[in-house]
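The structure under discussion appears below in the form of structure tokens.
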Amino acid sequence: MTVENKIKIGVFVSGGGTNLQALIDAQSCGKLKSGEIVLVVSSKPDVYALERAANAGIPAAVANRKLLRDQNTFEATLTELLDESQVEVIVLAGFLSILSESFVKKYEKRIINVHPSLIPSFCGDGFYGLRVHEAALARGVKVTGATVHFVNEITDGGEIILQKAVSVKNGDTPETLQRRVMEEAEWKILPEAVELVCQKIAKNKIKGE
């Protein structure tokens with residue numbers, strides 16, 4: 001696919017950016033070929049994800065959630081940044097700010113999120129980060145994993161794109177389980193799902209849909 005035909009991707013982050021790095025690596029090695037990351041937006045300043053973007057030569061911006069306390073102002077800032085870079089697909093990669101129903105609907109089937117469980121288990125409001133793995137261990141599940149899904153107005157409620165299972169081991173802590181789920185599932189299926197979505201959008205653009 002030529003550079004001109006690649007789908008422009010914007011990645012929203014709030015922290016270290018390990019999933020962002022997985023996308024950057026996939027782009028570098030050709031696994032992510034139908035899309036190109038053209039923008040990284042962080043809801044917090046001074047996070048390592050911004051350094052990852054800089055190291056990869058990807059333009060980045062900060063929409064500081066603490067300063068932009070009003071939801072409308074925050075989302076207007078996000079929209080302006082997306083429009084400036086002509087972003088067509090948004091990937092939430094550890095993005096901790098809630099997006100409104102109106103924002104999500106504006107980008108219907110264009111916002112992708114990765115969640116560290118096999119949805120519908122351990123998902124929804126309040127389930128993020130280590131809390132997901134703490135809940136999985138407390139329940140005693142033997143298999144967990146990760147899910148990539150489209151974002152809609154319901155937290156973790158959008159259509160599933162890909163899932164990958166990960167075994168829970170005896171003696172696992174929330175931290176060790178979190179790391180294994182990232183390494184064995186999140187970092188693998190997120191780039192795969194983004195490629196699938198970009199492929200589909202690119203084909204529809206060629207057809208004129």
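In the structure tokens, each chain is lettered A, B, ... as it comes, each chain's residues begin at 1, and ligands are numbered from 1 in order of appearance.
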Practice task
Can you list, as a ChimeraX atom specification, all residues belonging to chain A that DSSP tags as strand (DSSP E or B)?
Solution key: /A:7-13,35-42,60-62,89-92,111-115,143-150,160-167
Practice task
Would you mind writing down, as a PyMOL selection string, each residue of region 107-201 of chain A that DSSP on the backbone assigns to alpha helix (DSSP H)?
Solution key: chain A and resi 130-139+174-181+187-201
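Separating CA of Ile206 (chain A) from CA of Ser34 (chain A) is a distance of 12.7 Å.
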Handout entry: Contacts of Glu186 (chain A) at 12 Å (only C-alpha atoms; same-chain gap of 2+ positions) as a PyMOL selection string
Key = chain A and resi 18-23+93-94+113-118+144-149+162-166+178-184+188-194
Could you write those residues out with N, CA and C atoms, as a JSON list (two decimals), in the first residue's frame?
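Full text of result.json as output:
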```json
[["chain", "number", "residue", "atom", "x", "y", "z"],
["A", 18, "THR", "N", 3.31, 1.39, 26.62],
["A", 18, "THR", "CA", 3.80, 0.09, 26.14],
["A", 18, "THR", "C", 2.99, -0.41, 24.94],
["A", 19, "ASN", "N", 1.70, -0.16, 24.94],
["A", 19, "ASN", "CA", 0.89, -0.55, 23.78],
["A", 19, "ASN", "C", 1.18, 0.33, 22.58],
["A", 20, "LEU", "N", 1.48, 1.59, 22.82],
["A", 20, "LEU", "CA", 1.94, 2.48, 21.75],
["A", 20, "LEU", "C", 3.21, 1.91, 21.13],
["A", 21, "GLN", "N", 4.13, 1.46, 21.97],
["A", 21, "GLN", "CA", 5.38, 0.90, 21.47],
["A", 21, "GLN", "C", 5.14, -0.35, 20.63],
["A", 22, "ALA", "N", 4.17, -1.16, 21.04],
["A", 22, "ALA", "CA", 3.83, -2.36, 20.26],
["A", 22, "ALA", "C", 3.34, -1.96, 18.87],
["A", 23, "LEU", "N", 2.60, -0.87, 18.78],
["A", 23, "LEU", "CA", 2.12, -0.39, 17.49],
["A", 23, "LEU", "C", 3.26, 0.18, 16.66],
["A", 93, "ALA", "N", -4.69, 3.59, 23.84],
["A", 93, "ALA", "CA", -3.60, 2.72, 24.31],
["A", 93, "ALA", "C", -3.21, 3.15, 25.73],
["A", 94, "GLY", "N", -4.01, 2.68, 26.69],
["A", 94, "GLY", "CA", -3.77, 3.11, 28.07],
["A", 94, "GLY", "C", -4.24, 4.53, 28.29],
["A", 113, "ASN", "N", -10.05, 0.07, 21.30],
["A", 113, "ASN", "CA", -9.47, 0.00, 22.64],
["A", 113, "ASN", "C", -8.99, -1.42, 22.93],
["A", 114, "VAL", "N", -7.95, -1.52, 23.74],
["A", 114, "VAL", "CA", -7.50, -2.84, 24.21],
["A", 114, "VAL", "C", -7.79, -2.92, 25.71],
["A", 115, "HIS", "N", -8.37, -4.05, 26.12],
["A", 115, "HIS", "CA", -8.73, -4.25, 27.53],
["A", 115, "HIS", "C", -8.08, -5.54, 28.02],
["A", 116, "PRO", "N", -7.50, -5.53, 29.23],
["A", 116, "PRO", "CA", -6.72, -6.68, 29.71],
["A", 116, "PRO", "C", -7.54, -7.79, 30.35],
["A", 117, "SER", "N", -8.61, -8.20, 29.68],
["A", 117, "SER", "CA", -9.36, -9.39, 30.11],
["A", 117, "SER", "C", -10.10, -9.92, 28.90],
["A", 118, "LEU", "N", -10.70, -11.09, 29.07],
["A", 118, "LEU", "CA", -11.55, -11.65, 28.02],
["A", 118, "LEU", "C", -12.96, -11.13, 28.25],
["A", 144, "THR", "N", -7.23, -16.09, 31.51],
["A", 144, "THR", "CA", -7.63, -14.71, 31.30],
["A", 144, "THR", "C", -7.14, -14.32, 29.91],
["A", 145, "GLY", "N", -6.86, -13.05, 29.69],
["A", 145, "GLY", "CA", -6.38, -12.67, 28.36],
["A", 145, "GLY", "C", -6.61, -11.21, 28.08],
["A", 146, "ALA", "N", -6.75, -10.89, 26.80],
["A", 146, "ALA", "CA", -6.97, -9.50, 26.40],
["A", 146, "ALA", "C", -7.97, -9.46, 25.25],
["A", 147, "THR", "N", -8.62, -8.31, 25.13],
["A", 147, "THR", "CA", -9.63, -8.10, 24.09],
["A", 147, "THR", "C", -9.38, -6.75, 23.42],
["A", 148, "VAL", "N", -9.45, -6.74, 22.10],
["A", 148, "VAL", "CA", -9.47, -5.47, 21.37],
["A", 148, "VAL", "C", -10.88, -5.31, 20.82],
["A", 149, "HIS", "N", -11.45, -4.13, 21.06],
["A", 149, "HIS", "CA", -12.85, -3.91, 20.67],
["A", 149, "HIS", "C", -13.05, -2.49, 20.19],
["A", 162, "LEU", "N", -10.78, -8.70, 18.26],
["A", 162, "LEU", "CA", -9.92, -9.86, 18.49],
["A", 162, "LEU", "C", -9.80, -10.13, 19.99],
["A", 163, "GLN", "N", -9.58, -11.41, 20.33],
["A", 163, "GLN", "CA", -9.29, -11.80, 21.70],
["A", 163, "GLN", "C", -8.16, -12.82, 21.70],
["A", 164, "LYS", "N", -7.42, -12.86, 22.81],
["A", 164, "LYS", "CA", -6.38, -13.88, 22.95],
["A", 164, "LYS", "C", -6.32, -14.31, 24.41],
["A", 165, "ALA", "N", -6.32, -15.61, 24.63],
["A", 165, "ALA", "CA", -6.32, -16.17, 25.99],
["A", 165, "ALA", "C", -4.89, -16.29, 26.53],
["A", 166, "VAL", "N", -4.78, -16.16, 27.84],
["A", 166, "VAL", "CA", -3.51, -16.30, 28.55],
["A", 166, "VAL", "C", -3.76, -17.13, 29.81],
["A", 178, "GLN", "N", -0.39, -9.20, 34.96],
["A", 178, "GLN", "CA", -0.49, -8.04, 34.07],
["A", 178, "GLN", "C", 0.61, -8.08, 33.00],
["A", 179, "ARG", "N", 1.82, -8.38, 33.43],
["A", 179, "ARG", "CA", 2.95, -8.42, 32.48],
["A", 179, "ARG", "C", 2.75, -9.52, 31.44],
["A", 180, "ARG", "N", 2.30, -10.70, 31.88],
["A", 180, "ARG", "CA", 2.13, -11.81, 30.94],
["A", 180, "ARG", "C", 1.00, -11.51, 29.95],
["A", 181, "VAL", "N", -0.07, -10.91, 30.43],
["A", 181, "VAL", "CA", -1.18, -10.57, 29.54],
["A", 181, "VAL", "C", -0.72, -9.54, 28.49],
["A", 182, "MET", "N", 0.10, -8.59, 28.91],
["A", 182, "MET", "CA", 0.62, -7.61, 27.96],
["A", 182, "MET", "C", 1.49, -8.29, 26.91],
["A", 183, "GLU", "N", 2.45, -9.09, 27.39],
["A", 183, "GLU", "CA", 3.43, -9.70, 26.48],
["A", 183, "GLU", "C", 2.81, -10.74, 25.54],
["A", 184, "GLU", "N", 1.92, -11.56, 26.09],
["A", 184, "GLU", "CA", 1.39, -12.68, 25.31],
["A", 184, "GLU", "C", 0.11, -12.34, 24.54],
["A", 188, "LYS", "N", 0.31, -8.31, 20.99],
["A", 188, "LYS", "CA", 0.16, -9.08, 19.75],
["A", 188, "LYS", "C", -1.14, -8.73, 19.02],
["A", 189, "ILE", "N", -2.25, -8.73, 19.77],
["A", 189, "ILE", "CA", -3.54, -8.57, 19.07],
["A", 189, "ILE", "C", -3.90, -7.11, 18.80],
["A", 190, "LEU", "N", -3.32, -6.16, 19.54],
["A", 190, "LEU", "CA", -3.64, -4.76, 19.25],
["A", 190, "LEU", "C", -3.16, -4.36, 17.85],
["A", 191, "PRO", "N", -1.89, -4.60, 17.50],
["A", 191, "PRO", "CA", -1.46, -4.27, 16.13],
["A", 191, "PRO", "C", -2.24, -5.05, 15.07],
["A", 192, "GLU", "N", -2.55, -6.33, 15.36],
["A", 192, "GLU", "CA", -3.31, -7.14, 14.40],
["A", 192, "GLU", "C", -4.70, -6.53, 14.16],
["A", 193, "ALA", "N", -5.35, -6.12, 15.23],
["A", 193, "ALA", "CA", -6.70, -5.55, 15.12],
["A", 193, "ALA", "C", -6.67, -4.21, 14.39],
["A", 194, "VAL", "N", -5.67, -3.39, 14.69],
["A", 194, "VAL", "CA", -5.56, -2.10, 14.02],
["A", 194, "VAL", "C", -5.33, -2.30, 12.52]]
```
Problem - Polymer residues at most 10 Å from Val104 (chain A), only C-alpha atoms, same-chain spacing of 2 or more positions, as a list in words - result: Leu99, Ser100, Glu101, Ser102, Lys106, Tyr107, Glu108, Lys109, Arg110, Ile111, Phe150, Val151, Asn152, Glu153 and Ile154 of chain A
Selection above as a file: all heavy atoms, as a compact mmCIF listing (two decimals), in the first residue's frame:
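Generated output (selection.txt):
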```
# COMPACT_ATOMS: atom_id res chain seq x y z
N LEU A 99 -14.44 9.28 27.37
CA LEU A 99 -14.93 10.02 26.21
C LEU A 99 -16.45 9.99 26.22
O LEU A 99 -17.06 8.98 26.54
CB LEU A 99 -14.39 9.39 24.92
CG LEU A 99 -12.86 9.43 24.76
CD1 LEU A 99 -12.44 8.57 23.58
CD2 LEU A 99 -12.37 10.86 24.61
N SER A 100 -17.05 11.11 25.84
CA SER A 100 -18.51 11.21 25.88
C SER A 100 -19.17 10.39 24.77
O SER A 100 -18.52 10.01 23.79
CB SER A 100 -18.94 12.68 25.74
OG SER A 100 -18.69 13.12 24.41
N GLU A 101 -20.45 10.17 24.93
CA GLU A 101 -21.22 9.43 23.93
C GLU A 101 -21.19 10.16 22.58
O GLU A 101 -21.07 9.54 21.53
CB GLU A 101 -22.66 9.24 24.40
CG GLU A 101 -23.52 8.43 23.45
CD GLU A 101 -24.92 8.18 24.01
OE1 GLU A 101 -25.12 8.37 25.22
OE2 GLU A 101 -25.80 7.79 23.20
N SER A 102 -21.30 11.48 22.62
CA SER A 102 -21.32 12.25 21.37
C SER A 102 -19.98 12.16 20.65
O SER A 102 -19.94 12.06 19.42
CB SER A 102 -21.67 13.72 21.65
OG SER A 102 -20.72 14.31 22.52
N LYS A 106 -19.35 10.26 16.98
CA LYS A 106 -18.75 11.00 15.86
C LYS A 106 -17.72 10.15 15.12
O LYS A 106 -17.54 10.28 13.91
CB LYS A 106 -18.10 12.28 16.39
CG LYS A 106 -17.50 13.16 15.31
CD LYS A 106 -16.91 14.42 15.91
CE LYS A 106 -16.26 15.28 14.84
NZ LYS A 106 -15.65 16.50 15.40
N TYR A 107 -17.07 9.26 15.87
CA TYR A 107 -16.05 8.39 15.29
C TYR A 107 -16.48 6.92 15.37
O TYR A 107 -15.68 6.04 15.71
CB TYR A 107 -14.71 8.59 16.01
CG TYR A 107 -14.16 9.99 15.91
CD1 TYR A 107 -14.38 10.91 16.93
CD2 TYR A 107 -13.44 10.39 14.80
CE1 TYR A 107 -13.88 12.20 16.85
CE2 TYR A 107 -12.94 11.68 14.70
CZ TYR A 107 -13.16 12.58 15.73
OH TYR A 107 -12.67 13.87 15.63
N GLU A 108 -17.72 6.66 15.06
CA GLU A 108 -18.27 5.31 15.18
C GLU A 108 -17.47 4.31 14.34
O GLU A 108 -17.15 4.57 13.17
CB GLU A 108 -19.73 5.30 14.72
CG GLU A 108 -20.44 4.00 15.02
CD GLU A 108 -21.93 4.08 14.74
OE1 GLU A 108 -22.40 5.13 14.30
OE2 GLU A 108 -22.61 3.07 14.98
N LYS A 109 -17.14 3.19 14.96
CA LYS A 109 -16.34 2.13 14.33
C LYS A 109 -14.96 2.64 13.89
O LYS A 109 -14.31 2.07 13.00
CB LYS A 109 -17.06 1.52 13.13
CG LYS A 109 -18.28 0.68 13.48
CD LYS A 109 -17.89 -0.64 14.15
CE LYS A 109 -19.10 -1.52 14.43
NZ LYS A 109 -19.61 -2.19 13.24
N ARG A 110 -14.52 3.74 14.52
CA ARG A 110 -13.20 4.30 14.21
C ARG A 110 -12.34 4.43 15.47
O ARG A 110 -11.22 4.88 15.39
CB ARG A 110 -13.35 5.68 13.56
CG ARG A 110 -14.07 5.69 12.20
CD ARG A 110 -13.26 5.00 11.13
NE ARG A 110 -13.90 5.03 9.82
CZ ARG A 110 -13.50 5.80 8.80
NH1 ARG A 110 -12.47 6.60 8.96
NH2 ARG A 110 -14.12 5.75 7.65
N ILE A 111 -12.89 4.05 16.64
CA ILE A 111 -12.12 4.10 17.89
C ILE A 111 -11.93 2.68 18.39
O ILE A 111 -12.89 1.93 18.55
CB ILE A 111 -12.82 4.95 18.97
CG1 ILE A 111 -13.20 6.34 18.44
CG2 ILE A 111 -11.92 5.08 20.20
CD1 ILE A 111 -13.93 7.20 19.45
N PHE A 150 -14.13 -2.30 19.44
CA PHE A 150 -14.53 -0.94 19.09
C PHE A 150 -15.10 -0.28 20.34
O PHE A 150 -15.67 -0.94 21.21
CB PHE A 150 -15.58 -0.94 17.98
CG PHE A 150 -15.04 -1.29 16.63
CD1 PHE A 150 -15.42 -2.46 15.99
CD2 PHE A 150 -14.15 -0.44 15.97
CE1 PHE A 150 -14.93 -2.78 14.73
CE2 PHE A 150 -13.65 -0.76 14.72
CZ PHE A 150 -14.04 -1.93 14.09
N VAL A 151 -14.96 1.04 20.40
CA VAL A 151 -15.47 1.79 21.54
C VAL A 151 -16.85 2.35 21.20
O VAL A 151 -17.05 2.93 20.13
CB VAL A 151 -14.52 2.95 21.89
CG1 VAL A 151 -15.10 3.82 23.00
CG2 VAL A 151 -13.16 2.39 22.31
N ASN A 152 -17.79 2.13 22.11
CA ASN A 152 -19.10 2.78 21.99
C ASN A 152 -19.41 3.49 23.30
O ASN A 152 -18.51 3.70 24.12
CB ASN A 152 -20.18 1.77 21.59
CG ASN A 152 -20.43 0.69 22.62
OD1 ASN A 152 -19.90 0.74 23.74
ND2 ASN A 152 -21.26 -0.28 22.28
N GLU A 153 -20.68 3.86 23.50
CA GLU A 153 -21.03 4.66 24.69
C GLU A 153 -21.01 3.84 25.98
O GLU A 153 -21.08 4.41 27.07
CB GLU A 153 -22.42 5.30 24.49
CG GLU A 153 -23.59 4.35 24.49
CD GLU A 153 -23.83 3.66 23.15
OE1 GLU A 153 -22.98 3.82 22.23
OE2 GLU A 153 -24.86 2.97 23.02
N ILE A 154 -20.92 2.52 25.89
CA ILE A 154 -20.86 1.66 27.07
C ILE A 154 -19.41 1.27 27.34
O ILE A 154 -18.71 0.82 26.42
CB ILE A 154 -21.70 0.38 26.87
CG1 ILE A 154 -23.15 0.75 26.56
CG2 ILE A 154 -21.63 -0.53 28.07
CD1 ILE A 154 -23.98 -0.38 26.01
```
Handout entry: Spatial neighbours of Ser42 (chain A), 10 Å, only C-alpha atoms, chain gap at least 2 places, as a PyMOL selection string
Key = chain A and resi 11-15+17+40+44-50+60-65+78+93-97
Export, as an mmCIF file, in the first residue's frame, the selected residues with C-alpha atoms.
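Written file, result_24.cif:
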```cif
data_model
loop_
_atom_site.group_PDB
_atom_site.id
_atom_site.type_symbol
_atom_site.label_atom_id
_atom_site.label_comp_id
_atom_site.auth_asym_id
_atom_site.auth_seq_id
_atom_site.Cartn_x
_atom_site.Cartn_y
_atom_site.Cartn_z
ATOM 1 C CA VAL A 11 -3.029 7.051 19.383
ATOM 2 C CA PHE A 12 -4.372 8.348 22.715
ATOM 3 C CA VAL A 13 -2.186 7.667 25.769
ATOM 4 C CA SER A 14 -1.962 8.576 29.447
ATOM 5 C CA GLY A 15 1.163 6.815 30.728
ATOM 6 C CA GLY A 17 2.936 3.790 26.339
ATOM 7 C CA VAL A 40 0.076 10.672 19.559
ATOM 8 C CA LYS A 44 -1.037 14.027 30.808
ATOM 9 C CA PRO A 45 2.236 15.906 30.324
ATOM 10 C CA ASP A 46 5.652 14.370 30.984
ATOM 11 C CA VAL A 47 4.679 10.736 30.407
ATOM 12 C CA TYR A 48 7.075 8.251 28.819
ATOM 13 C CA ALA A 49 4.680 7.588 25.935
ATOM 14 C CA LEU A 50 5.567 11.055 24.611
ATOM 15 C CA ALA A 60 2.747 14.340 19.618
ATOM 16 C CA ALA A 61 0.557 16.706 21.594
ATOM 17 C CA VAL A 62 -0.803 17.050 25.121
ATOM 18 C CA ALA A 63 -4.484 17.648 25.898
ATOM 19 C CA ASN A 64 -3.989 18.102 29.634
ATOM 20 C CA ARG A 65 -7.080 16.665 31.323
ATOM 21 C CA LEU A 78 -8.946 16.436 20.926
ATOM 22 C CA ALA A 93 -3.602 2.722 24.313
ATOM 23 C CA GLY A 94 -3.771 3.110 28.065
ATOM 24 C CA PHE A 95 -5.897 6.253 27.755
ATOM 25 C CA LEU A 96 -7.496 6.905 31.142
ATOM 26 C CA SER A 97 -9.906 9.724 30.286
#
```
Practice task
Find the residue from A:Lys66, A:Lys6, A:Lys169, A:Lys142 that sits nearest to Lys33 (chain A); use only C-alpha atoms when measuring.
Solution key: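 Checking each of A:Lys66, A:Lys6, A:Lys169, A:Lys142 against Lys33 (chain A), counting only C-alpha atoms, the winner is A:Lys6.
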